[in-house]
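Student: Let me give you the structure first, and then I'll get to my questions.
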Amino acid sequence: MQTRFSSEQLLDPQVAASEAVIRKCVHCGFCTATCPTYVLLGDELDSPRGRIYLMKEMLEQEQEPTAEVVRHVDRCLSCLSCMTTCPSGVNYMHLVDHARAYIEARYRRPWHDRLTRAMLARILPFPGRMRIALRVARLARWMRPVLLRVPALRPFGEMLSLAPARVPAPVAARGAAAVGLNKGRVVVLQGCAEGVLRPEIRAATVRLLTRAGYDVDFATGEGCCGSLTWHLGRADEGLAAARRNVATWREEIDRGLAAIVVTASGCGTTIKDYGHMLRDDPDHAADAARVSALAVDVCELLAESGLPAAGGAPSLRVAYQSPCSMQHGQKLRREPLDLLAAAGFNVCEPVDAHLCCGSAGTYNLLQPEIAGQLGDRKAATLEALAPDVIATGNVGCATQIAARTGVPVLHTVELLDWATGGPKPEHLMKPEENH
Ligand code: SF4
Ligand code: SF4
């Protein structure tokens with residue numbers, strides 16, 4: 001795409017990076033067919049190509065963002081399906097991240113939108129606050145129908161819908177030593193939402209990795225990866241989270257580290273991008289690049305190093321839902337499927353496996369209508385496979401799908417742990433087995 005940024009504009013490294021992305025786009029439109037919002041809404045401006053054009057005009061003309069541009073950029077899930085499809089290597093992720101920050105700095109949203117976004121940014125990245133919010137949400141569940149009827153308050157109604165009926169008690173993160181052959185030391189990201197909603201994922205990861213031969217540690221001082229605020233356009237908060245984690249993991253790397261293991265693929269995509277996010281920060285750029293190079297999804301590491309010996313998986317039909325951040329963000333397509341099959345499960349995938357489930361970080365709260373349609377569609381395609389269990393690799397997807405199906409939804413590591421000697425996952429137990 002031809003651009004007309006001035007040489008003065010291009011002195012800004014962020015503008016220069018976006019200009020390079022835009023120039024790669026050749027308008028071919030291949031990406032439109034695999035964009036969930038275009039598939040649902042059929043509007044060119046809700047396709048990657050249309051959004052690239054809108055963002056180009058906004059950045060090039062240094063326009064104040066208009067309500068129309070904001071609406072179409074906000075509707076983007078950042079699912080990155082367009083990046084998988086694009087034959088020209090357009091890095092849509094970096095462009096939309098820039099556009100979101102540009103909009104956040106210049107556009108005054110309606111009061112309810114500002115309130116919702118501020119609440120999400122101040123609660124979700126902090127496990128203690130999130131736990132309290134979920135408990136309050138449980139008590140406030142009776143308000144849900146009222147909130148869902150008022151458009152300005154609908155995100156709060158959606159929060160109540162997604163809040164689990166039971167908030168698990170906090171579980172301290174405890175490392176453990178490798179069993180048998182030692183393949184090195186890894187640090188597992190503690191994250192924010194996953195540890196609050198599904199602490200059993202972390203426990204299964206520790207058991208599985210130690211049996212796979214890794215010493216597992218948790219780093220003191222790390223926090224949310226920053227993706228929640230980064231994707232809300234709150235660039236300073238996202239970068240602050242990235243810097244804090246890089247500083248923490250720098251010490252771990254200096255002590256010798258085989259990998260930084262991530263169990264939520266949304267966080268993994270962001271951590272693998274720290275090198276880009278902090279590239280112009282002289283104090284953190286080099287360490288951020290080291291962190292990004294060491295970050296791996298738990299399935300990526302296991303695919304490389306091998307599963308512990310399988311103890312004979314129960315003969316279950318597992319429908320695997322690949323999170324967008326896994327398949328498009330990190331380009332990990334086969335790894336989880338192959339691991340589940342190697343562990344002895346009967347694995348299948350739904351039609352349109354490339355399409356987002358609508359979770360997308362905070363998207364299901366901020367864009368509930370589109371997210372709801374995508375979630376219903378995903379749940380229906382998974383249920384059509386008649387699975388015993390649904391597996392996925394991101395707690396946001398698990399929550400989004402579990403709200404729409406009676407089939408148990410687990411993280412891949414819970415099944416792999418079970419099949420290789422770990423306990424039966426809690427979500428598969430009958431009530432009487434839970435006591
Ligand atoms: S990131 Fe997803 S929703 Fe956004 S333009 Fe690309 S394919 Fe469409
Ligand atoms: S597929 Fe790539 S090059 Fe083609 S329109 Fe989409 S982003 Fe542009």
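Lettering and numbering for the structure tokens are positional, with chains as A, B, ... in the shown order, residues counted from 1 in each chain, and ligands counted from 1 in the shown order.
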Can you pull out the residues contacting Leu228 (chain A)? Cut-off 12 Å, using only C-alpha atoms, and skip same-chain residues under 2 positions away; I want them as a ChimeraX atom specification.
Tutor: /A:78,97,117-126,191-193,223-226,230-235,237-239,241-242,266-267,269-270,360-363,396
Student: How would the residues just picked look written out with C-alpha atoms as a tab-separated table (two decimals), in the first residue's frame?
Tutor:
chain	number	residue	atom	x	y	z
A	78	SER	CA	-6.57	-9.10	17.76
A	97	ASP	CA	-1.27	-2.26	18.83
A	117	ARG	CA	-12.07	-0.02	30.68
A	118	ALA	CA	-10.62	1.60	33.79
A	119	MET	CA	-12.19	-1.10	35.96
A	120	LEU	CA	-10.84	-3.90	33.79
A	121	ALA	CA	-7.35	-2.37	33.81
A	122	ARG	CA	-7.38	-1.90	37.59
A	123	ILE	CA	-8.84	-5.28	38.53
A	124	LEU	CA	-8.01	-8.07	36.09
A	125	PRO	CA	-4.19	-7.90	36.15
A	126	PHE	CA	-4.15	-8.22	39.96
A	191	GLY	CA	0.10	-14.92	35.46
A	192	CYS	CA	-3.05	-13.28	36.77
A	193	ALA	CA	-6.45	-14.63	35.68
A	223	GLY	CA	3.13	-10.01	37.67
A	224	CYS	CA	0.63	-9.86	34.83
A	225	CYS	CA	2.35	-10.05	31.43
A	226	GLY	CA	0.74	-6.73	30.47
A	230	TRP	CA	-1.62	-3.32	26.23
A	231	HIS	CA	-4.60	-4.45	24.16
A	232	LEU	CA	-6.79	-1.81	25.76
A	233	GLY	CA	-4.36	0.72	24.28
A	234	ARG	CA	-2.96	1.60	27.72
A	235	ALA	CA	0.56	1.39	26.40
A	237	GLU	CA	0.73	0.27	31.76
A	238	GLY	CA	1.48	-2.59	29.38
A	239	LEU	CA	5.10	-1.50	29.04
A	241	ALA	CA	4.30	-4.68	33.30
A	242	ALA	CA	6.72	-5.88	30.63
A	266	GLY	CA	-2.48	-15.11	25.23
A	267	CYS	CA	0.29	-14.22	27.69
A	269	THR	CA	2.14	-14.20	22.52
A	270	THR	CA	2.76	-10.96	24.42
A	360	ALA	CA	-9.87	-12.44	23.13
A	361	GLY	CA	-8.74	-10.97	26.45
A	362	THR	CA	-11.37	-8.48	27.53
A	363	TYR	CA	-13.17	-8.54	24.16
A	396	GLY	CA	-9.90	-17.07	28.56
Student: Grab me every residue within 8 Å of ligand 2, counting only C-alpha atoms and all ligand atoms, and send it over as an NGL selection string.
Tutor: :A and (24-32 or 48-49 or 52 or 82-83 or 85-90 or 92)
Student: Could you dump the residues just selected with N, CA and C atoms as a PDB file, in the first residue's frame?
Tutor:
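selection.pdb, freshly written:
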ATOM      1  N   LYS A  24       3.708  -3.103   3.265  1.00  0.00           N
ATOM      2  CA  LYS A  24       3.735  -4.515   2.833  1.00  0.00           C
ATOM      3  C   LYS A  24       2.384  -4.997   2.318  1.00  0.00           C
ATOM      4  N   CYS A  25       1.310  -4.322   2.717  1.00  0.00           N
ATOM      5  CA  CYS A  25      -0.022  -4.770   2.326  1.00  0.00           C
ATOM      6  C   CYS A  25      -0.257  -4.454   0.846  1.00  0.00           C
ATOM      7  N   VAL A  26      -0.660  -5.489   0.084  1.00  0.00           N
ATOM      8  CA  VAL A  26      -0.873  -5.299  -1.357  1.00  0.00           C
ATOM      9  C   VAL A  26      -2.367  -5.326  -1.717  1.00  0.00           C
ATOM     10  N   HIS A  27      -3.231  -5.118  -0.734  1.00  0.00           N
ATOM     11  CA  HIS A  27      -4.696  -5.051  -0.922  1.00  0.00           C
ATOM     12  C   HIS A  27      -5.312  -6.348  -1.462  1.00  0.00           C
ATOM     13  N   CYS A  28      -4.628  -7.454  -1.392  1.00  0.00           N
ATOM     14  CA  CYS A  28      -5.141  -8.650  -2.085  1.00  0.00           C
ATOM     15  C   CYS A  28      -6.458  -9.140  -1.497  1.00  0.00           C
ATOM     16  N   GLY A  29      -6.664  -8.897  -0.200  1.00  0.00           N
ATOM     17  CA  GLY A  29      -7.941  -9.267   0.420  1.00  0.00           C
ATOM     18  C   GLY A  29      -8.047 -10.724   0.829  1.00  0.00           C
ATOM     19  N   PHE A  30      -6.956 -11.504   0.702  1.00  0.00           N
ATOM     20  CA  PHE A  30      -7.024 -12.914   1.143  1.00  0.00           C
ATOM     21  C   PHE A  30      -7.443 -12.992   2.611  1.00  0.00           C
ATOM     22  N   CYS A  31      -7.000 -12.010   3.394  1.00  0.00           N
ATOM     23  CA  CYS A  31      -7.225 -12.053   4.852  1.00  0.00           C
ATOM     24  C   CYS A  31      -8.702 -11.906   5.218  1.00  0.00           C
ATOM     25  N   THR A  32      -9.501 -11.318   4.324  1.00  0.00           N
ATOM     26  CA  THR A  32     -10.891 -11.046   4.709  1.00  0.00           C
ATOM     27  C   THR A  32     -11.658 -12.336   4.997  1.00  0.00           C
ATOM     28  N   PRO A  48      -9.532  -7.058   7.955  1.00  0.00           N
ATOM     29  CA  PRO A  48      -8.155  -6.571   8.163  1.00  0.00           C
ATOM     30  C   PRO A  48      -7.773  -5.497   7.147  1.00  0.00           C
ATOM     31  N   ARG A  49      -8.118  -5.754   5.883  1.00  0.00           N
ATOM     32  CA  ARG A  49      -7.733  -4.789   4.847  1.00  0.00           C
ATOM     33  C   ARG A  49      -8.391  -3.443   5.090  1.00  0.00           C
ATOM     34  N   ILE A  52      -6.746  -1.770   8.071  1.00  0.00           N
ATOM     35  CA  ILE A  52      -5.407  -1.250   7.747  1.00  0.00           C
ATOM     36  C   ILE A  52      -5.552   0.101   7.058  1.00  0.00           C
ATOM     37  N   CYS A  82      -5.646 -13.012  10.479  1.00  0.00           N
ATOM     38  CA  CYS A  82      -5.215 -12.360   9.234  1.00  0.00           C
ATOM     39  C   CYS A  82      -3.709 -12.529   9.011  1.00  0.00           C
ATOM     40  N   MET A  83      -2.938 -12.611  10.082  1.00  0.00           N
ATOM     41  CA  MET A  83      -1.489 -12.762   9.916  1.00  0.00           C
ATOM     42  C   MET A  83      -1.135 -14.163   9.425  1.00  0.00           C
ATOM     43  N   THR A  85      -3.056 -15.868   7.405  1.00  0.00           N
ATOM     44  CA  THR A  85      -3.498 -15.946   6.010  1.00  0.00           C
ATOM     45  C   THR A  85      -2.663 -15.080   5.063  1.00  0.00           C
ATOM     46  N   CYS A  86      -2.191 -13.956   5.555  1.00  0.00           N
ATOM     47  CA  CYS A  86      -1.560 -12.965   4.674  1.00  0.00           C
ATOM     48  C   CYS A  86      -0.322 -13.518   3.956  1.00  0.00           C
ATOM     49  N   PRO A  87      -0.305 -13.490   2.630  1.00  0.00           N
ATOM     50  CA  PRO A  87       0.871 -14.001   1.908  1.00  0.00           C
ATOM     51  C   PRO A  87       2.025 -12.997   1.877  1.00  0.00           C
ATOM     52  N   SER A  88       1.753 -11.749   2.291  1.00  0.00           N
ATOM     53  CA  SER A  88       2.792 -10.715   2.181  1.00  0.00           C
ATOM     54  C   SER A  88       3.510 -10.456   3.506  1.00  0.00           C
ATOM     55  N   GLY A  89       3.158 -11.190   4.536  1.00  0.00           N
ATOM     56  CA  GLY A  89       3.858 -11.025   5.817  1.00  0.00           C
ATOM     57  C   GLY A  89       3.546  -9.716   6.510  1.00  0.00           C
ATOM     58  N   VAL A  90       2.297  -9.224   6.370  1.00  0.00           N
ATOM     59  CA  VAL A  90       1.921  -7.977   7.049  1.00  0.00           C
ATOM     60  C   VAL A  90       1.789  -8.235   8.551  1.00  0.00           C
ATOM     61  N   TYR A  92       0.124  -7.330  11.166  1.00  0.00           N
ATOM     62  CA  TYR A  92      -1.071  -6.608  11.603  1.00  0.00           C
ATOM     63  C   TYR A  92      -1.033  -6.343  13.103  1.00  0.00           C
TER      64      TYR A  92
END
Student: DSSP on the backbone: which residues in region 151-346 of chain A end up as strand (DSSP E or B)? Give the answer as a list in words.
Tutor: Ala176, Gly184, Arg185, Val186, Val187, Val188, Tyr214, Asp215, Val216, Asp217, Ala259, Ile260, Val261, Val262, Ala295, Val296, Asp297, Arg317, Val318, Ala319, Tyr320 and Asn346 of chain A
Student: Could you list, as a list in words, every residue within 8 Å of Ala343 (chain A), counting only C-alpha atoms and ignoring same-chain residues fewer than 3 positions away?
Tutor: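 The contact residues come out as Leu307, Ala310, Gly312, Ala313, Leu339, Leu340, Leu416, Ala419 and Thr420 of chain A.
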Student: Just write the chosen residues, N, CA and C atoms, as a PDB file, in the first residue's frame.
Tutor:
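Resulting contents of out30.pdb:
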ATOM      1  N   LEU A 307       7.167 -36.106  26.020  1.00  0.00           N
ATOM      2  CA  LEU A 307       6.272 -36.315  27.169  1.00  0.00           C
ATOM      3  C   LEU A 307       6.887 -37.338  28.112  1.00  0.00           C
ATOM      4  N   ALA A 310       3.720 -42.289  28.916  1.00  0.00           N
ATOM      5  CA  ALA A 310       2.271 -42.291  29.103  1.00  0.00           C
ATOM      6  C   ALA A 310       1.859 -43.552  29.852  1.00  0.00           C
ATOM      7  N   GLY A 312      -1.080 -44.800  29.814  1.00  0.00           N
ATOM      8  CA  GLY A 312      -2.329 -45.314  29.257  1.00  0.00           C
ATOM      9  C   GLY A 312      -3.453 -44.354  29.546  1.00  0.00           C
ATOM     10  N   ALA A 313      -3.732 -43.493  28.556  1.00  0.00           N
ATOM     11  CA  ALA A 313      -4.780 -42.489  28.770  1.00  0.00           C
ATOM     12  C   ALA A 313      -6.149 -43.153  28.758  1.00  0.00           C
ATOM     13  N   LEU A 339       0.615 -33.930  20.997  1.00  0.00           N
ATOM     14  CA  LEU A 339       0.877 -34.387  22.375  1.00  0.00           C
ATOM     15  C   LEU A 339      -0.322 -35.168  22.917  1.00  0.00           C
ATOM     16  N   LEU A 340      -1.526 -34.629  22.683  1.00  0.00           N
ATOM     17  CA  LEU A 340      -2.726 -35.318  23.180  1.00  0.00           C
ATOM     18  C   LEU A 340      -2.861 -36.695  22.518  1.00  0.00           C
ATOM     19  N   LEU A 416      -2.775 -34.130  29.773  1.00  0.00           N
ATOM     20  CA  LEU A 416      -1.452 -34.759  29.607  1.00  0.00           C
ATOM     21  C   LEU A 416      -0.923 -35.237  30.960  1.00  0.00           C
ATOM     22  N   ALA A 419      -2.771 -38.408  31.892  1.00  0.00           N
ATOM     23  CA  ALA A 419      -2.387 -39.571  31.077  1.00  0.00           C
ATOM     24  C   ALA A 419      -0.985 -40.066  31.386  1.00  0.00           C
ATOM     25  N   THR A 420      -0.198 -39.242  32.075  1.00  0.00           N
ATOM     26  CA  THR A 420       1.188 -39.656  32.353  1.00  0.00           C
ATOM     27  C   THR A 420       1.425 -39.836  33.852  1.00  0.00           C
TER      28      THR A 420
END
Student: Quick one: of A:Arg100, A:Lys272, A:Arg75, A:Arg106, who's nearest to Gln63 (chain A), counting only C-alpha atoms?
Tutor: A:Arg106
Student: Grab the CA of Leu40 (chain A) to CA of Glu68 (chain A) distance for me, in Å with one decimal place.
Tutor: 18.1 Å
Student: Which neighbours of Arg23 (chain A) fall inside 12 Å, counting only C-alpha atoms, when residues of the same chain fewer than 5 positions from it are skipped, and could you give them as a PyMOL selection string?
Tutor: chain A and resi 1-5+16-18+52-53+56+88-92+95
Student: For those residues, write N, CA and C atoms to a file as a compact mmCIF listing (two decimals), in the first residue's frame.
Tutor:
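What follows is the written file result.txt:
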# COMPACT_ATOMS: atom_id res chain seq x y z
N MET A 1 0.86 -1.18 0.00
CA MET A 1 0.00 0.00 0.00
C MET A 1 0.90 1.24 0.00
N GLN A 2 0.60 2.16 -0.88
CA GLN A 2 1.42 3.36 -0.94
C GLN A 2 1.16 4.23 0.28
N THR A 3 2.21 4.82 0.81
CA THR A 3 2.03 5.69 1.99
C THR A 3 2.58 7.08 1.69
N ARG A 4 2.10 8.04 2.49
CA ARG A 4 2.58 9.41 2.29
C ARG A 4 2.96 10.05 3.62
N PHE A 5 3.61 9.26 4.47
CA PHE A 5 4.10 9.83 5.74
C PHE A 5 5.23 10.80 5.41
N ALA A 16 7.43 4.91 12.03
CA ALA A 16 8.25 4.26 10.99
C ALA A 16 7.94 2.76 10.94
N ALA A 17 7.77 2.13 12.11
CA ALA A 17 7.48 0.70 12.13
C ALA A 17 6.11 0.43 11.50
N SER A 18 5.14 1.28 11.82
CA SER A 18 3.80 1.08 11.25
C SER A 18 3.79 1.33 9.75
N ILE A 52 -6.75 -1.77 8.07
CA ILE A 52 -5.41 -1.25 7.75
C ILE A 52 -5.55 0.10 7.06
N TYR A 53 -6.53 0.19 6.17
CA TYR A 53 -6.75 1.45 5.46
C TYR A 53 -7.15 2.56 6.44
N LYS A 56 -4.16 3.54 8.57
CA LYS A 56 -3.20 4.29 7.75
C LYS A 56 -3.62 5.75 7.66
N SER A 88 1.75 -11.75 2.29
CA SER A 88 2.79 -10.71 2.18
C SER A 88 3.51 -10.46 3.51
N GLY A 89 3.16 -11.19 4.54
CA GLY A 89 3.86 -11.02 5.82
C GLY A 89 3.55 -9.72 6.51
N VAL A 90 2.30 -9.22 6.37
CA VAL A 90 1.92 -7.98 7.05
C VAL A 90 1.79 -8.23 8.55
N ASN A 91 2.55 -7.49 9.36
CA ASN A 91 2.46 -7.69 10.80
C ASN A 91 1.33 -6.83 11.36
N TYR A 92 0.12 -7.33 11.17
CA TYR A 92 -1.07 -6.61 11.60
C TYR A 92 -1.03 -6.34 13.10
N LEU A 95 0.75 -3.16 14.02
CA LEU A 95 0.02 -1.98 13.54
C LEU A 95 -1.19 -1.69 14.43
Student: All residues within 6 Å of ligand 1 are required, counting only C-alpha atoms and all ligand atoms; please report them as a PyMOL selection string.
Tutor: chain A and resi 35-37+47-48+76-82
Student: So, counting only C-alpha atoms, which residue among A:Val395, A:Leu41, A:Leu59, A:Ala295 is closest to Asp12 (chain A)?
Tutor: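 Nearest candidate to Asp12 (chain A) out of A:Val395, A:Leu41, A:Leu59, A:Ala295: A:Leu59.
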Student: If you run DSSP on the backbone here, which positions in region 251-428 of chain A get helix (DSSP H, G or I)? Please write them as JSON, numbers by chain.
Tutor: {"A": [251, 252, 253, 254, 265, 266, 267, 268, 269, 270, 271, 274, 275, 276, 277, 285, 286, 287, 288, 289, 290, 291, 292, 293, 294, 298, 299, 300, 301, 302, 303, 304, 305, 324, 325, 326, 327, 328, 329, 334, 335, 336, 337, 338, 339, 340, 341, 342, 363, 364, 365, 366, 368, 369, 370, 371, 372, 373, 374, 375, 376, 377, 378, 379, 380, 381, 382, 383, 395, 396, 397, 398, 399, 400, 401, 402, 412, 413, 414, 415, 416, 417, 418, 419, 426, 427, 428]}
Student: Please dump the current selection as an mmCIF file, in the first residue's frame; keep C-alpha atoms.
Tutor:
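New file part.cif:
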data_model
loop_
_atom_site.group_PDB
_atom_site.id
_atom_site.type_symbol
_atom_site.label_atom_id
_atom_site.label_comp_id
_atom_site.auth_asym_id
_atom_site.auth_seq_id
_atom_site.Cartn_x
_atom_site.Cartn_y
_atom_site.Cartn_z
ATOM 1 C CA GLU A 251 17.967 -12.420 37.517
ATOM 2 C CA GLU A 252 16.526 -15.851 36.822
ATOM 3 C CA ILE A 253 18.244 -16.016 33.432
ATOM 4 C CA ASP A 254 21.553 -15.059 35.031
ATOM 5 C CA SER A 265 -1.207 -18.701 25.178
ATOM 6 C CA GLY A 266 -2.475 -15.109 25.231
ATOM 7 C CA CYS A 267 0.291 -14.219 27.687
ATOM 8 C CA GLY A 268 2.800 -16.244 25.658
ATOM 9 C CA THR A 269 2.140 -14.197 22.524
ATOM 10 C CA THR A 270 2.762 -10.959 24.416
ATOM 11 C CA ILE A 271 5.901 -12.173 26.223
ATOM 12 C CA TYR A 274 8.543 -8.119 24.644
ATOM 13 C CA GLY A 275 11.658 -7.784 22.475
ATOM 14 C CA HIS A 276 9.657 -5.660 20.035
ATOM 15 C CA MET A 277 7.666 -3.775 22.670
ATOM 16 C CA ALA A 285 15.844 -3.888 25.143
ATOM 17 C CA ALA A 286 18.587 -6.524 25.347
ATOM 18 C CA ASP A 287 17.048 -8.333 28.313
ATOM 19 C CA ALA A 288 13.583 -8.176 26.762
ATOM 20 C CA ALA A 289 14.955 -9.876 23.644
ATOM 21 C CA ARG A 290 16.517 -12.604 25.843
ATOM 22 C CA VAL A 291 13.210 -13.079 27.664
ATOM 23 C CA SER A 292 11.287 -13.346 24.390
ATOM 24 C CA ALA A 293 13.767 -15.897 23.075
ATOM 25 C CA LEU A 294 13.377 -18.050 26.207
ATOM 26 C CA VAL A 298 4.153 -25.410 27.827
ATOM 27 C CA CYS A 299 3.113 -27.579 24.842
ATOM 28 C CA GLU A 300 5.967 -26.180 22.763
ATOM 29 C CA LEU A 301 8.468 -27.245 25.419
ATOM 30 C CA LEU A 302 6.924 -30.696 25.827
ATOM 31 C CA ALA A 303 6.813 -31.212 22.067
ATOM 32 C CA GLU A 304 10.554 -30.517 21.945
ATOM 33 C CA SER A 305 11.612 -32.450 25.013
ATOM 34 C CA CYS A 324 -5.934 -17.813 18.353
ATOM 35 C CA SER A 325 -2.924 -16.709 20.370
ATOM 36 C CA MET A 326 -1.619 -20.286 20.060
ATOM 37 C CA GLN A 327 -2.245 -20.966 16.368
ATOM 38 C CA HIS A 328 -1.974 -17.455 14.929
ATOM 39 C CA GLY A 329 0.026 -15.558 17.564
ATOM 40 C CA ARG A 334 0.244 -29.296 15.663
ATOM 41 C CA GLU A 335 2.039 -29.416 19.029
ATOM 42 C CA PRO A 336 -0.959 -29.684 21.409
ATOM 43 C CA LEU A 337 -2.820 -32.026 19.041
ATOM 44 C CA ASP A 338 0.189 -34.310 18.631
ATOM 45 C CA LEU A 339 0.877 -34.387 22.375
ATOM 46 C CA LEU A 340 -2.726 -35.318 23.180
ATOM 47 C CA ALA A 341 -2.651 -38.044 20.527
ATOM 48 C CA ALA A 342 0.736 -39.309 21.773
ATOM 49 C CA TYR A 363 -13.174 -8.539 24.164
ATOM 50 C CA ASN A 364 -16.068 -10.700 25.412
ATOM 51 C CA LEU A 365 -16.797 -8.013 28.026
ATOM 52 C CA LEU A 366 -16.342 -4.999 25.757
ATOM 53 C CA PRO A 368 -20.475 -8.830 24.020
ATOM 54 C CA GLU A 369 -22.656 -9.153 20.936
ATOM 55 C CA ILE A 370 -19.937 -10.211 18.504
ATOM 56 C CA ALA A 371 -18.177 -12.257 21.193
ATOM 57 C CA GLY A 372 -21.446 -14.005 22.055
ATOM 58 C CA GLN A 373 -22.072 -14.991 18.434
ATOM 59 C CA LEU A 374 -18.526 -16.286 18.045
ATOM 60 C CA GLY A 375 -18.725 -18.128 21.360
ATOM 61 C CA ASP A 376 -22.027 -19.824 20.481
ATOM 62 C CA ARG A 377 -20.677 -20.791 17.093
ATOM 63 C CA LYS A 378 -17.495 -22.247 18.577
ATOM 64 C CA ALA A 379 -19.385 -24.185 21.254
ATOM 65 C CA ALA A 380 -21.739 -25.607 18.606
ATOM 66 C CA THR A 381 -18.908 -26.748 16.324
ATOM 67 C CA LEU A 382 -17.154 -28.381 19.277
ATOM 68 C CA GLU A 383 -20.307 -30.105 20.518
ATOM 69 C CA VAL A 395 -7.913 -19.799 30.330
ATOM 70 C CA GLY A 396 -9.905 -17.070 28.558
ATOM 71 C CA CYS A 397 -11.047 -19.506 25.841
ATOM 72 C CA ALA A 398 -11.836 -22.130 28.486
ATOM 73 C CA THR A 399 -14.063 -19.660 30.358
ATOM 74 C CA GLN A 400 -15.787 -18.449 27.189
ATOM 75 C CA ILE A 401 -16.564 -21.969 25.965
ATOM 76 C CA ALA A 402 -17.442 -23.442 29.370
ATOM 77 C CA THR A 412 -4.321 -29.491 27.610
ATOM 78 C CA VAL A 413 -1.791 -29.967 30.434
ATOM 79 C CA GLU A 414 -4.470 -31.326 32.775
ATOM 80 C CA LEU A 415 -5.137 -34.166 30.329
ATOM 81 C CA LEU A 416 -1.452 -34.759 29.607
ATOM 82 C CA ASP A 417 -0.697 -34.834 33.334
ATOM 83 C CA TRP A 418 -3.498 -37.341 33.948
ATOM 84 C CA ALA A 419 -2.387 -39.571 31.077
ATOM 85 C CA GLU A 426 -11.166 -32.172 39.091
ATOM 86 C CA HIS A 427 -13.515 -31.026 36.314
ATOM 87 C CA LEU A 428 -13.953 -34.625 35.151
#
Student: Residues near Arg131 (chain A), anyone? I mean within 10 Å using only C-alpha atoms, not counting same-chain ones fewer than 2 positions away, as JSON, numbers by chain.
Tutor: {"A": [123, 124, 126, 127, 128, 129, 133, 134, 135, 136, 137, 167, 168, 169, 170, 193, 195, 196, 197]}
Student: Would you compute the distance between CA of Val246 (chain A) and CA of Leu189 (chain A)? Give it in Å to one decimal.
Tutor: 11.9 Å
Student: Neighbours of Val216 (chain A) within 6 Å (only C-alpha atoms; same-chain residues fewer than 2 positions away dropped), as an MDAnalysis selection string?
Tutor: chainID A and resid 175:176 185:187 214
Student: Which residue is closest to Asn245 (chain A)? Choose from A:Leu54, A:Met159, A:Val150, A:Ile260 and count only C-alpha atoms.
Tutor: A:Ile260
